[in-house]
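> final_24.cif is the file, holding mmCIF, C-alpha atoms:
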data_protein
#
loop_
_atom_site.group_PDB
_atom_site.id
_atom_site.type_symbol
_atom_site.label_atom_id
_atom_site.label_comp_id
_atom_site.auth_asym_id
_atom_site.auth_seq_id
_atom_site.Cartn_x
_atom_site.Cartn_y
_atom_site.Cartn_z
ATOM 1 C CA MET A 1 93.866 136.276 3.996
ATOM 2 C CA ILE A 2 95.218 134.512 0.904
ATOM 3 C CA ILE A 3 97.846 131.843 1.512
ATOM 4 C CA ASP A 4 99.623 130.153 -1.390
ATOM 5 C CA PHE A 5 100.784 126.821 0.003
ATOM 6 C CA HIS A 6 102.970 125.761 -2.932
ATOM 7 C CA THR A 7 105.625 128.009 -4.473
ATOM 8 C CA HIS A 8 109.254 127.505 -5.469
ATOM 9 C CA ILE A 9 112.261 129.770 -5.073
ATOM 10 C CA PHE A 10 115.930 128.954 -5.560
ATOM 11 C CA PRO A 11 119.170 130.600 -4.462
ATOM 12 C CA PRO A 12 120.319 133.063 -7.129
ATOM 13 C CA GLU A 13 123.412 130.960 -7.809
ATOM 14 C CA VAL A 14 121.209 128.118 -9.067
ATOM 15 C CA ARG A 15 119.587 130.469 -11.575
ATOM 16 C CA ASP A 16 122.896 132.035 -12.554
ATOM 17 C CA ARG A 17 124.812 128.744 -12.785
ATOM 18 C CA ARG A 18 122.005 126.582 -14.114
ATOM 19 C CA ASP A 19 124.250 124.531 -16.391
ATOM 20 C CA GLU A 20 126.427 123.459 -13.474
ATOM 21 C CA TYR A 21 123.425 122.283 -11.466
ATOM 22 C CA LEU A 22 122.006 120.489 -14.488
ATOM 23 C CA ARG A 23 125.152 118.368 -14.535
ATOM 24 C CA ARG A 24 125.098 117.778 -10.787
ATOM 25 C CA ASP A 25 121.552 116.610 -10.155
ATOM 26 C CA PRO A 26 119.480 114.313 -12.422
ATOM 27 C CA THR A 27 116.095 115.439 -11.099
ATOM 28 C CA PHE A 28 117.002 119.094 -11.532
ATOM 29 C CA ALA A 29 118.177 118.264 -15.068
ATOM 30 C CA GLU A 30 114.889 116.524 -15.846
ATOM 31 C CA MET A 31 112.871 119.543 -14.758
ATOM 32 C CA TYR A 32 115.063 122.492 -15.742
ATOM 33 C CA THR A 33 117.050 121.552 -18.859
ATOM 34 C CA ASN A 34 114.493 123.386 -20.966
ATOM 35 C CA PRO A 35 115.555 127.052 -20.865
ATOM 36 C CA LYS A 36 111.865 128.009 -20.727
ATOM 37 C CA ALA A 37 111.576 126.353 -17.295
ATOM 38 C CA LYS A 38 111.483 129.335 -14.951
ATOM 39 C CA ILE A 39 113.707 129.629 -11.895
ATOM 40 C CA ALA A 40 112.482 132.234 -9.405
ATOM 41 C CA VAL A 41 114.234 133.896 -6.480
ATOM 42 C CA ALA A 42 112.677 135.501 -3.410
ATOM 43 C CA GLU A 43 112.328 138.932 -5.013
ATOM 44 C CA ASP A 44 110.355 137.392 -7.889
ATOM 45 C CA LEU A 45 107.981 135.716 -5.466
ATOM 46 C CA LEU A 46 107.411 138.845 -3.390
ATOM 47 C CA ARG A 47 106.743 140.871 -6.545
ATOM 48 C CA SER A 48 104.238 138.252 -7.693
ATOM 49 C CA MET A 49 102.544 138.290 -4.291
ATOM 50 C CA ASP A 50 102.131 142.060 -4.517
ATOM 51 C CA GLU A 51 100.579 141.750 -7.975
ATOM 52 C CA ALA A 52 98.199 138.962 -6.936
ATOM 53 C CA ASP A 53 97.376 140.280 -3.437
ATOM 54 C CA VAL A 54 98.698 137.092 -1.852
ATOM 55 C CA ASP A 55 99.425 137.618 1.842
ATOM 56 C CA VAL A 56 101.605 134.590 2.599
ATOM 57 C CA SER A 57 103.441 132.056 0.429
ATOM 58 C CA VAL A 58 104.965 128.761 1.461
ATOM 59 C CA ALA A 59 108.333 128.568 -0.322
ATOM 60 C CA LEU A 60 109.483 125.006 -0.931
ATOM 61 C CA GLY A 61 112.914 123.515 -1.222
ATOM 62 C CA PHE A 62 114.057 121.142 -3.964
ATOM 63 C CA ALA A 63 114.769 117.424 -3.666
ATOM 64 C CA TRP A 64 118.523 117.631 -4.192
ATOM 65 C CA ARG A 65 120.431 114.373 -3.922
ATOM 66 C CA ASP A 66 123.528 116.026 -2.482
ATOM 67 C CA HIS A 67 123.277 117.019 1.177
ATOM 68 C CA GLU A 68 125.322 120.199 0.731
ATOM 69 C CA ASP A 69 122.981 121.360 -2.025
ATOM 70 C CA CYS A 70 120.104 120.862 0.416
ATOM 71 C CA VAL A 71 121.936 122.930 3.033
ATOM 72 C CA ARG A 72 122.612 125.781 0.591
ATOM 73 C CA HIS A 73 118.992 125.847 -0.497
ATOM 74 C CA ASN A 74 117.805 125.789 3.117
ATOM 75 C CA ASP A 75 120.085 128.674 4.034
ATOM 76 C CA TYR A 76 118.508 130.738 1.267
ATOM 77 C CA LEU A 77 114.929 129.817 2.193
ATOM 78 C CA LEU A 78 115.504 130.735 5.833
ATOM 79 C CA GLU A 79 117.217 134.001 4.900
ATOM 80 C CA ALA A 80 114.434 134.931 2.475
ATOM 81 C CA ALA A 81 111.773 134.179 5.049
ATOM 82 C CA ALA A 82 113.553 136.183 7.760
ATOM 83 C CA GLY A 83 113.665 139.220 5.501
ATOM 84 C CA SER A 84 110.083 138.973 4.276
ATOM 85 C CA GLY A 85 108.229 140.243 7.316
ATOM 86 C CA GLY A 86 106.351 136.979 7.677
ATOM 87 C CA ARG A 87 105.193 136.838 4.065
ATOM 88 C CA ILE A 88 107.371 133.864 3.103
ATOM 89 C CA VAL A 89 107.065 130.650 5.120
ATOM 90 C CA PRO A 90 110.045 128.308 4.611
ATOM 91 C CA PHE A 91 109.675 124.588 3.974
ATOM 92 C CA CYS A 92 113.191 123.181 3.926
ATOM 93 C CA THR A 93 114.630 120.262 2.017
ATOM 94 C CA LEU A 94 116.524 117.119 2.992
ATOM 95 C CA ASN A 95 117.723 113.766 1.765
ATOM 96 C CA PRO A 96 117.140 111.158 4.500
ATOM 97 C CA ALA A 97 119.592 108.854 2.737
ATOM 98 C CA SER A 98 122.463 111.254 3.446
ATOM 99 C CA GLY A 99 122.876 110.242 7.074
ATOM 100 C CA LYS A 100 122.855 113.940 8.030
ATOM 101 C CA ALA A 101 119.126 114.656 7.783
ATOM 102 C CA ALA A 102 118.309 114.714 11.503
ATOM 103 C CA ALA A 103 120.839 117.428 12.326
ATOM 104 C CA GLU A 104 119.807 119.509 9.312
ATOM 105 C CA VAL A 105 116.112 119.295 10.158
ATOM 106 C CA GLU A 106 116.823 120.365 13.736
ATOM 107 C CA ARG A 107 118.899 123.299 12.480
ATOM 108 C CA CYS A 108 116.170 124.420 10.090
ATOM 109 C CA ALA A 109 113.382 124.032 12.638
ATOM 110 C CA LEU A 110 115.260 126.148 15.164
ATOM 111 C CA ALA A 111 115.787 128.792 12.458
ATOM 112 C CA GLY A 112 112.082 129.041 11.636
ATOM 113 C CA ALA A 113 111.215 126.315 9.125
ATOM 114 C CA ARG A 114 107.568 125.294 9.363
ATOM 115 C CA GLY A 115 107.758 122.207 7.189
ATOM 116 C CA LEU A 116 109.734 120.009 4.821
ATOM 117 C CA GLY A 117 109.109 119.818 1.099
ATOM 118 C CA GLU A 118 108.608 119.429 -1.759
ATOM 119 C CA LEU A 119 109.647 115.864 -0.921
ATOM 120 C CA ARG A 120 110.368 113.398 -3.749
ATOM 121 C CA PRO A 121 111.560 110.117 -2.200
ATOM 122 C CA GLU A 122 111.715 108.181 -5.460
ATOM 123 C CA SER A 123 113.706 110.948 -7.169
ATOM 124 C CA GLN A 124 116.305 110.844 -4.403
ATOM 125 C CA GLY A 125 116.365 107.059 -4.130
ATOM 126 C CA TRP A 126 115.015 106.393 -0.624
ATOM 127 C CA ASP A 127 112.087 104.336 0.604
ATOM 128 C CA LEU A 128 109.280 106.368 2.143
ATOM 129 C CA ASN A 129 107.827 103.226 3.670
ATOM 130 C CA GLY A 130 111.100 101.967 5.120
ATOM 131 C CA ALA A 131 113.560 103.252 7.706
ATOM 132 C CA PRO A 132 114.111 106.659 5.984
ATOM 133 C CA GLY A 133 110.361 107.310 5.997
ATOM 134 C CA ASP A 134 110.099 106.336 9.651
ATOM 135 C CA LEU A 135 112.903 108.803 10.416
ATOM 136 C CA LEU A 136 111.115 111.516 8.446
ATOM 137 C CA ALA A 137 107.859 110.991 10.351
ATOM 138 C CA GLU A 138 109.688 111.053 13.692
ATOM 139 C CA LEU A 139 111.488 114.280 12.797
ATOM 140 C CA ALA A 140 108.185 115.869 11.788
ATOM 141 C CA ARG A 141 106.603 114.885 15.102
ATOM 142 C CA GLN A 142 109.618 115.998 17.128
ATOM 143 C CA HIS A 143 109.823 119.444 15.526
ATOM 144 C CA ASP A 144 106.110 119.975 14.734
ATOM 145 C CA LEU A 145 106.731 120.215 10.989
ATOM 146 C CA VAL A 146 104.396 119.761 8.043
ATOM 147 C CA LEU A 147 105.490 117.346 5.305
ATOM 148 C CA LEU A 148 104.650 118.265 1.704
ATOM 149 C CA PHE A 149 105.097 115.583 -0.979
ATOM 150 C CA HIS A 150 105.020 115.679 -4.735
ATOM 151 C CA VAL A 151 102.552 112.876 -5.466
ATOM 152 C CA THR A 152 102.475 111.329 -8.930
ATOM 153 C CA GLU A 153 98.979 110.937 -10.342
ATOM 154 C CA PRO A 154 98.741 107.458 -11.919
ATOM 155 C CA ALA A 155 96.797 108.663 -14.968
ATOM 156 C CA GLY A 156 97.178 111.602 -17.324
ATOM 157 C CA HIS A 157 99.970 112.806 -19.558
ATOM 158 C CA ASP A 158 103.668 112.652 -18.824
ATOM 159 C CA TYR A 159 105.666 115.804 -18.002
ATOM 160 C CA PRO A 160 109.145 116.644 -16.672
ATOM 161 C CA GLY A 161 109.198 115.940 -12.953
ATOM 162 C CA LYS A 162 106.003 113.899 -12.895
ATOM 163 C CA ARG A 163 107.592 111.021 -11.011
ATOM 164 C CA GLY A 164 108.583 111.528 -7.404
ATOM 165 C CA LEU A 165 106.257 109.494 -5.232
ATOM 166 C CA SER A 166 103.660 106.991 -6.382
ATOM 167 C CA LEU A 167 100.111 107.377 -5.123
ATOM 168 C CA ASP A 168 100.254 103.892 -3.623
ATOM 169 C CA SER A 169 103.413 104.682 -1.644
ATOM 170 C CA PHE A 170 101.903 107.958 -0.465
ATOM 171 C CA ARG A 171 98.752 106.212 0.732
ATOM 172 C CA ARG A 172 100.767 103.581 2.616
ATOM 173 C CA PHE A 173 102.842 106.292 4.318
ATOM 174 C CA LEU A 174 99.668 108.003 5.504
ATOM 175 C CA ASP A 175 98.622 104.754 7.170
ATOM 176 C CA ARG A 176 102.061 104.399 8.802
ATOM 177 C CA SER A 177 102.403 107.983 10.045
ATOM 178 C CA GLN A 178 99.078 108.752 11.692
ATOM 179 C CA GLY A 179 99.034 112.156 13.352
ATOM 180 C CA VAL A 180 101.773 113.722 11.204
ATOM 181 C CA ALA A 181 100.552 116.736 9.220
ATOM 182 C CA VAL A 182 100.958 115.784 5.551
ATOM 183 C CA VAL A 183 100.140 117.685 2.352
ATOM 184 C CA GLY A 184 99.867 115.884 -0.982
ATOM 185 C CA ALA A 185 100.650 118.234 -3.850
ATOM 186 C CA HIS A 186 98.585 118.352 -7.042
ATOM 187 C CA LEU A 187 95.322 117.313 -5.360
ATOM 188 C CA ALA A 188 97.342 114.622 -3.560
ATOM 189 C CA GLY A 189 98.047 112.902 -6.846
ATOM 190 C CA GLY A 190 94.328 112.538 -7.409
ATOM 191 C CA LEU A 191 93.728 110.816 -4.070
ATOM 192 C CA LEU A 192 90.911 113.218 -3.228
ATOM 193 C CA LEU A 193 89.094 112.085 -6.392
ATOM 194 C CA ARG A 194 89.154 108.486 -5.210
ATOM 195 C CA GLU A 195 88.525 108.467 -1.463
ATOM 196 C CA PRO A 196 87.993 110.746 1.547
ATOM 197 C CA PRO A 197 90.982 111.960 3.558
ATOM 198 C CA PRO A 198 92.197 109.174 5.839
ATOM 199 C CA GLU A 199 92.413 111.559 8.816
ATOM 200 C CA ALA A 200 92.168 115.214 9.742
ATOM 201 C CA SER A 201 95.914 115.845 9.422
ATOM 202 C CA VAL A 202 96.058 114.976 5.691
ATOM 203 C CA TYR A 203 95.677 117.801 3.175
ATOM 204 C CA ALA A 204 95.817 118.314 -0.585
ATOM 205 C CA ASP A 205 96.936 121.397 -2.502
ATOM 206 C CA THR A 206 95.769 122.722 -5.864
ATOM 207 C CA ALA A 207 99.246 123.283 -7.345
ATOM 208 C CA ALA A 208 99.269 123.207 -11.169
ATOM 209 C CA ALA A 209 95.707 121.891 -11.176
ATOM 210 C CA ARG A 210 95.040 123.654 -14.505
ATOM 211 C CA TYR A 211 97.492 121.283 -16.207
ATOM 212 C CA LEU A 212 96.230 118.109 -14.570
ATOM 213 C CA TYR A 213 92.478 118.220 -13.926
ATOM 214 C CA GLU A 214 89.233 119.522 -15.369
ATOM 215 C CA PRO A 215 88.010 122.827 -13.840
ATOM 216 C CA GLN A 216 84.971 121.281 -12.132
ATOM 217 C CA VAL A 217 87.233 119.083 -10.008
ATOM 218 C CA LEU A 218 88.112 122.050 -7.762
ATOM 219 C CA ALA A 219 84.457 122.789 -7.047
ATOM 220 C CA GLU A 220 83.742 119.154 -6.270
ATOM 221 C CA ALA A 221 86.758 118.879 -3.970
ATOM 222 C CA ALA A 222 86.017 122.142 -2.145
ATOM 223 C CA THR A 223 82.510 121.052 -1.192
ATOM 224 C CA GLY A 224 83.096 117.320 -0.654
ATOM 225 C CA PRO A 225 84.881 115.292 2.051
ATOM 226 C CA TRP A 226 88.108 117.255 1.522
ATOM 227 C CA ALA A 227 86.404 120.631 2.019
ATOM 228 C CA GLY A 228 88.344 121.427 5.189
ATOM 229 C CA GLN A 229 91.613 120.025 3.899
ATOM 230 C CA LEU A 230 92.029 121.598 0.461
ATOM 231 C CA LEU A 231 94.743 124.260 0.196
ATOM 232 C CA PHE A 232 95.315 126.822 -2.513
ATOM 233 C CA GLY A 233 98.677 126.329 -4.215
ATOM 234 C CA SER A 234 99.864 127.916 -7.437
ATOM 235 C CA ASP A 235 103.142 126.064 -8.180
ATOM 236 C CA PHE A 236 104.708 129.484 -8.879
ATOM 237 C CA PRO A 237 106.616 130.223 -11.079
ATOM 238 C CA LEU A 238 105.297 127.365 -13.248
ATOM 239 C CA VAL A 239 101.858 128.952 -12.878
ATOM 240 C CA ALA A 240 101.472 132.658 -12.170
ATOM 241 C CA GLN A 241 99.777 133.336 -8.858
ATOM 242 C CA THR A 242 97.270 135.635 -10.564
ATOM 243 C CA SER A 243 96.313 132.827 -12.959
ATOM 244 C CA ALA A 244 96.061 130.169 -10.237
ATOM 245 C CA LEU A 245 93.851 132.440 -8.148
ATOM 246 C CA ALA A 246 91.617 133.086 -11.149
ATOM 247 C CA ASP A 247 91.228 129.333 -11.647
ATOM 248 C CA VAL A 248 89.947 128.898 -8.088
ATOM 249 C CA ARG A 249 87.739 131.974 -8.161
ATOM 250 C CA GLU A 250 86.161 130.895 -11.439
ATOM 251 C CA ALA A 251 85.478 127.332 -10.274
ATOM 252 C CA GLY A 252 82.009 128.180 -8.971
ATOM 253 C CA LEU A 253 82.716 127.974 -5.232
ATOM 254 C CA ASP A 254 80.408 129.727 -2.806
ATOM 255 C CA SER A 255 81.960 132.390 -0.585
ATOM 256 C CA ALA A 256 82.488 130.075 2.382
ATOM 257 C CA ALA A 257 84.216 127.392 0.317
ATOM 258 C CA LEU A 258 86.350 129.990 -1.449
ATOM 259 C CA ALA A 259 87.476 131.467 1.873
ATOM 260 C CA ARG A 260 88.448 128.016 3.156
ATOM 261 C CA VAL A 261 90.509 127.106 0.094
ATOM 262 C CA LEU A 262 92.264 130.457 -0.308
ATOM 263 C CA GLY A 263 93.433 130.709 3.280
ATOM 264 C CA GLY A 264 91.141 129.418 5.988
ATOM 265 C CA ASN A 265 92.276 125.815 5.835
ATOM 266 C CA ALA A 266 95.927 126.832 5.626
ATOM 267 C CA ARG A 267 95.643 129.081 8.667
ATOM 268 C CA GLY A 268 94.483 126.074 10.655
ATOM 269 C CA LEU A 269 97.495 124.103 9.486
ATOM 270 C CA LEU A 270 100.012 126.948 9.907
ATOM 271 C CA PRO A 271 98.779 129.123 12.775
ATOM 272 C CA PRO A 272 100.628 132.405 13.306
ATOM 273 C CA THR A 273 103.913 132.077 15.211
ATOM 274 C CA GLY A 274 103.917 135.596 16.577
ATOM 275 C CA THR A 275 107.192 136.394 14.855
#
For the file at hand, write its structure as structure tokens.

Amino acid sequence: MIIDFHTHIFPPEVRDRRDEYLRRDPTFAEMYTNPKAKIAVAEDLLRSMDEADVDVSVALGFAWRDHEDCVRHNDYLLEAAAGSGGRIVPFCTLNPASGKAAAEVERCALAGARGLGELRPESQGWDLNGAPGDLLAELARQHDLVLLFHVTEPAGHDYPGKRGLSLDSFRRFLDRSQGVAVVGAHLAGGLLLREPPPEASVYADTAAARYLYEPQVLAEAATGPWAGQLLFGSDFPLVAQTSALADVREAGLDSAALARVLGGNARGLLPPTGT
């Protein structure tokens, strides 16, 4: 089974009314002002999955500042997942600074959300290692949700949307939230190149790795201390799922390591729900 743990879909109205959303949200404007920045909807993702032979995709929300924008995006993610026959797994979005996050997380969890993400505390203006982060960890424990963060690698080139959560803040949150299942996007901001995972519930995904790291890094990560905690992620539609899969398959992994990265590790983190 192939599981893509990092994809993005938006409600069609965001694609169709892009200019309006560019004016409304500074992080969205940073990432999507360029007309070449792709905005995908559920049908695009399902078509891509068919082409790439991907069985399941985690579809992530966006770090909107406005609570109502979060709600609209969550409604779409939950609807898309419900109509996908189990192929789309929804990770909903929230802004803990809104004062309405707890009720929204409960609503989404009851409707089938399996996690929260892609979380960008610094883009939304809240402190991951303060009261909002403590609330987030408690909500994840209460509803058995996975947290997926965009983690900013401290080195490398700049790009739209690079900032969202510093590696230092991410590391401190991991120490504060032991036992919460956490995924660091983009090889956890390079954390897996620097130190072993702090505990068994911390994971890293490979999203957009082709733009950030040398090819041999995947092979080293898949056979090192993170071997059981590395998840395939494409960052669709930024990277085509076919291309992201080719990157992993051409990284020189043996069959066991390849099976772990492409789905085995993710199945342990997201066991079937029976629905």
> Find the residues near segment 216-228 of chain A: any atom within 12 Å, counting all atoms listed in the file, skip ones fewer than 2 places away on the same chain, and give them as a ChimeraX atom specification.
/A:186-188,190-210,212-214,230-233,244-245,247-269
> With only C-alpha atoms as the atoms that count, which of A:Asp75, A:Glu20, A:Asp168, A:Asp50 lies nearest to Arg87 of chain A?
A:Asp50
> Using only C-alpha atoms, which residue out of A:Gly85, A:Tyr32, A:Ala80, A:Glu13 lies closest to Leu238 of chain A?
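The shortest atom-to-atom distance to Leu238 of chain A comes from A:Tyr32.
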> Hey, what comes out of the PyMOL selection byres ((chain A and resi 5-9) around 10) on this file? Could you write it as a PyMOL selection string?
chain A and resi 2-4+10-12+14-15+38-45+56-62+73+76-77+80+88-89+91+117-118+148+183+185-186+204-208+231-241+262-263+266+270
> Take the selection from the previous step and output its residues with C-alpha atoms, as a CSV table (one decimal), keeping the file's coordinate frame.

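Wrote part-v9.csv, looks like this:
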chain,number,residue,atom,x,y,z
A,2,ILE,CA,95.2,134.5,0.9
A,3,ILE,CA,97.8,131.8,1.5
A,4,ASP,CA,99.6,130.2,-1.4
A,10,PHE,CA,115.9,129.0,-5.6
A,11,PRO,CA,119.2,130.6,-4.5
A,12,PRO,CA,120.3,133.1,-7.1
A,14,VAL,CA,121.2,128.1,-9.1
A,15,ARG,CA,119.6,130.5,-11.6
A,38,LYS,CA,111.5,129.3,-15.0
A,39,ILE,CA,113.7,129.6,-11.9
A,40,ALA,CA,112.5,132.2,-9.4
A,41,VAL,CA,114.2,133.9,-6.5
A,42,ALA,CA,112.7,135.5,-3.4
A,43,GLU,CA,112.3,138.9,-5.0
A,44,ASP,CA,110.4,137.4,-7.9
A,45,LEU,CA,108.0,135.7,-5.5
A,56,VAL,CA,101.6,134.6,2.6
A,57,SER,CA,103.4,132.1,0.4
A,58,VAL,CA,105.0,128.8,1.5
A,59,ALA,CA,108.3,128.6,-0.3
A,60,LEU,CA,109.5,125.0,-0.9
A,61,GLY,CA,112.9,123.5,-1.2
A,62,PHE,CA,114.1,121.1,-4.0
A,73,HIS,CA,119.0,125.8,-0.5
A,76,TYR,CA,118.5,130.7,1.3
A,77,LEU,CA,114.9,129.8,2.2
A,80,ALA,CA,114.4,134.9,2.5
A,88,ILE,CA,107.4,133.9,3.1
A,89,VAL,CA,107.1,130.6,5.1
A,91,PHE,CA,109.7,124.6,4.0
A,117,GLY,CA,109.1,119.8,1.1
A,118,GLU,CA,108.6,119.4,-1.8
A,148,LEU,CA,104.6,118.3,1.7
A,183,VAL,CA,100.1,117.7,2.4
A,185,ALA,CA,100.6,118.2,-3.8
A,186,HIS,CA,98.6,118.4,-7.0
A,204,ALA,CA,95.8,118.3,-0.6
A,205,ASP,CA,96.9,121.4,-2.5
A,206,THR,CA,95.8,122.7,-5.9
A,207,ALA,CA,99.2,123.3,-7.3
A,208,ALA,CA,99.3,123.2,-11.2
A,231,LEU,CA,94.7,124.3,0.2
A,232,PHE,CA,95.3,126.8,-2.5
A,233,GLY,CA,98.7,126.3,-4.2
A,234,SER,CA,99.9,127.9,-7.4
A,235,ASP,CA,103.1,126.1,-8.2
A,236,PHE,CA,104.7,129.5,-8.9
A,237,PRO,CA,106.6,130.2,-11.1
A,238,LEU,CA,105.3,127.4,-13.2
A,239,VAL,CA,101.9,129.0,-12.9
A,240,ALA,CA,101.5,132.7,-12.2
A,241,GLN,CA,99.8,133.3,-8.9
A,262,LEU,CA,92.3,130.5,-0.3
A,263,GLY,CA,93.4,130.7,3.3
A,266,ALA,CA,95.9,126.8,5.6
A,270,LEU,CA,100.0,126.9,9.9
> Considering only C-alpha atoms, return as JSON, numbers by chain whatever protein or nucleic-acid residues lie within 8 Å of Pro154 of chain A, sequence-local ones (same chain, fewer than 3 positions apart) excluded.
{"A": [166, 167, 189]}
> Report the distance between atom CA of Ser169 of chain A and atom CA of Arg120 of chain A in Å, rounded to one decimal place.
11.3 Å
> Just the residues within 7 Å of Leu116 of chain A, please, counting all atoms listed in the file, with nothing from its chain fewer than 6 positions along; format it as JSON, numbers by chain.
{"A": [91, 92, 93, 145, 146, 147, 148]}
> Mind giving me the straight-line distance from atom CA of Gly133 of chain A to atom CA of Tyr21 of chain A in Å, one decimal?
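Those two atoms sit 26.5 Å apart.
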> Under the rule that all atoms listed in the file are counted, which of A:Thr27, A:Gln178, A:Ser243, A:Ser48 is the nearest residue to Gln124 of chain A?
A:Thr27
> Which distance in Å separates atom CA of Thr152 of chain A and atom CA of Leu165 of chain A, to one decimal?
5.6 Å
> For Ala29 of chain A, list every protein, DNA or RNA residue within 10 Å, evaluated using only C-alpha atoms, and leave out those in the same chain fewer than 5 positions away; present the list as a list in words.
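Here the answer would be Arg18, Asp19, Glu20, Tyr21, Leu22, Arg23, Arg24, Asn34, Pro160 and Gly161 of chain A.
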> Tell me which of A:Glu79, A:Asp53, A:Glu104, A:Asp66 sits closest to Asp25 of chain A, counting only C-alpha atoms.
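For Asp25 of chain A, the nearest of the candidates is A:Asp66.
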> A:Ala63, A:Gly184, A:Glu153, A:Arg107: which is nearest Tyr211 of chain A, counting only C-alpha atoms?
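Nearest to Tyr211 of chain A: A:Glu153.
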> Taking N, CA and C atoms as the atom set, what does segment 223-239 of chain A look like once completed, written as a short mmCIF file (atom, residue, chain, number, x, y, z; two decimals), keeping the file's coordinate frame?

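Once written, selection-v5.cif looks like this:
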data_model
loop_
_atom_site.label_atom_id
_atom_site.label_comp_id
_atom_site.auth_asym_id
_atom_site.auth_seq_id
_atom_site.Cartn_x
_atom_site.Cartn_y
_atom_site.Cartn_z
N THR A 223 83.80 121.21 -1.87
CA THR A 223 82.51 121.05 -1.19
C THR A 223 82.26 119.60 -0.76
N GLY A 224 83.24 118.72 -1.01
CA GLY A 224 83.10 117.32 -0.65
C GLY A 224 83.82 116.98 0.63
N PRO A 225 84.23 115.72 0.81
CA PRO A 225 84.88 115.29 2.05
C PRO A 225 86.19 116.01 2.36
N TRP A 226 86.85 116.55 1.32
CA TRP A 226 88.11 117.26 1.52
C TRP A 226 87.91 118.75 1.75
N ALA A 227 86.69 119.20 1.97
CA ALA A 227 86.40 120.63 2.02
C ALA A 227 87.27 121.38 3.03
N GLY A 228 87.54 120.78 4.16
CA GLY A 228 88.34 121.43 5.19
C GLY A 228 89.83 121.17 5.07
N GLN A 229 90.22 120.43 4.01
CA GLN A 229 91.61 120.02 3.90
C GLN A 229 92.19 120.29 2.51
N LEU A 230 91.55 121.20 1.78
CA LEU A 230 92.03 121.60 0.46
C LEU A 230 92.69 122.96 0.57
N LEU A 231 93.93 123.06 0.06
CA LEU A 231 94.74 124.26 0.20
C LEU A 231 95.04 124.85 -1.17
N PHE A 232 94.91 126.16 -1.28
CA PHE A 232 95.32 126.82 -2.51
C PHE A 232 96.82 126.74 -2.68
N GLY A 233 97.26 126.31 -3.87
CA GLY A 233 98.68 126.33 -4.22
C GLY A 233 98.80 126.64 -5.69
N SER A 234 99.74 127.50 -6.04
CA SER A 234 99.86 127.92 -7.44
C SER A 234 100.87 127.08 -8.22
N ASP A 235 101.95 126.64 -7.54
CA ASP A 235 103.14 126.06 -8.18
C ASP A 235 103.96 127.15 -8.89
N PHE A 236 103.88 128.39 -8.37
CA PHE A 236 104.71 129.48 -8.88
C PHE A 236 106.16 129.06 -8.88
N PRO A 237 106.95 129.39 -9.92
CA PRO A 237 106.62 130.22 -11.08
C PRO A 237 106.08 129.44 -12.28
N LEU A 238 105.88 128.13 -12.14
CA LEU A 238 105.30 127.36 -13.25
C LEU A 238 103.95 127.95 -13.64
N VAL A 239 103.15 128.30 -12.65
CA VAL A 239 101.86 128.95 -12.88
C VAL A 239 101.89 130.28 -12.14
#
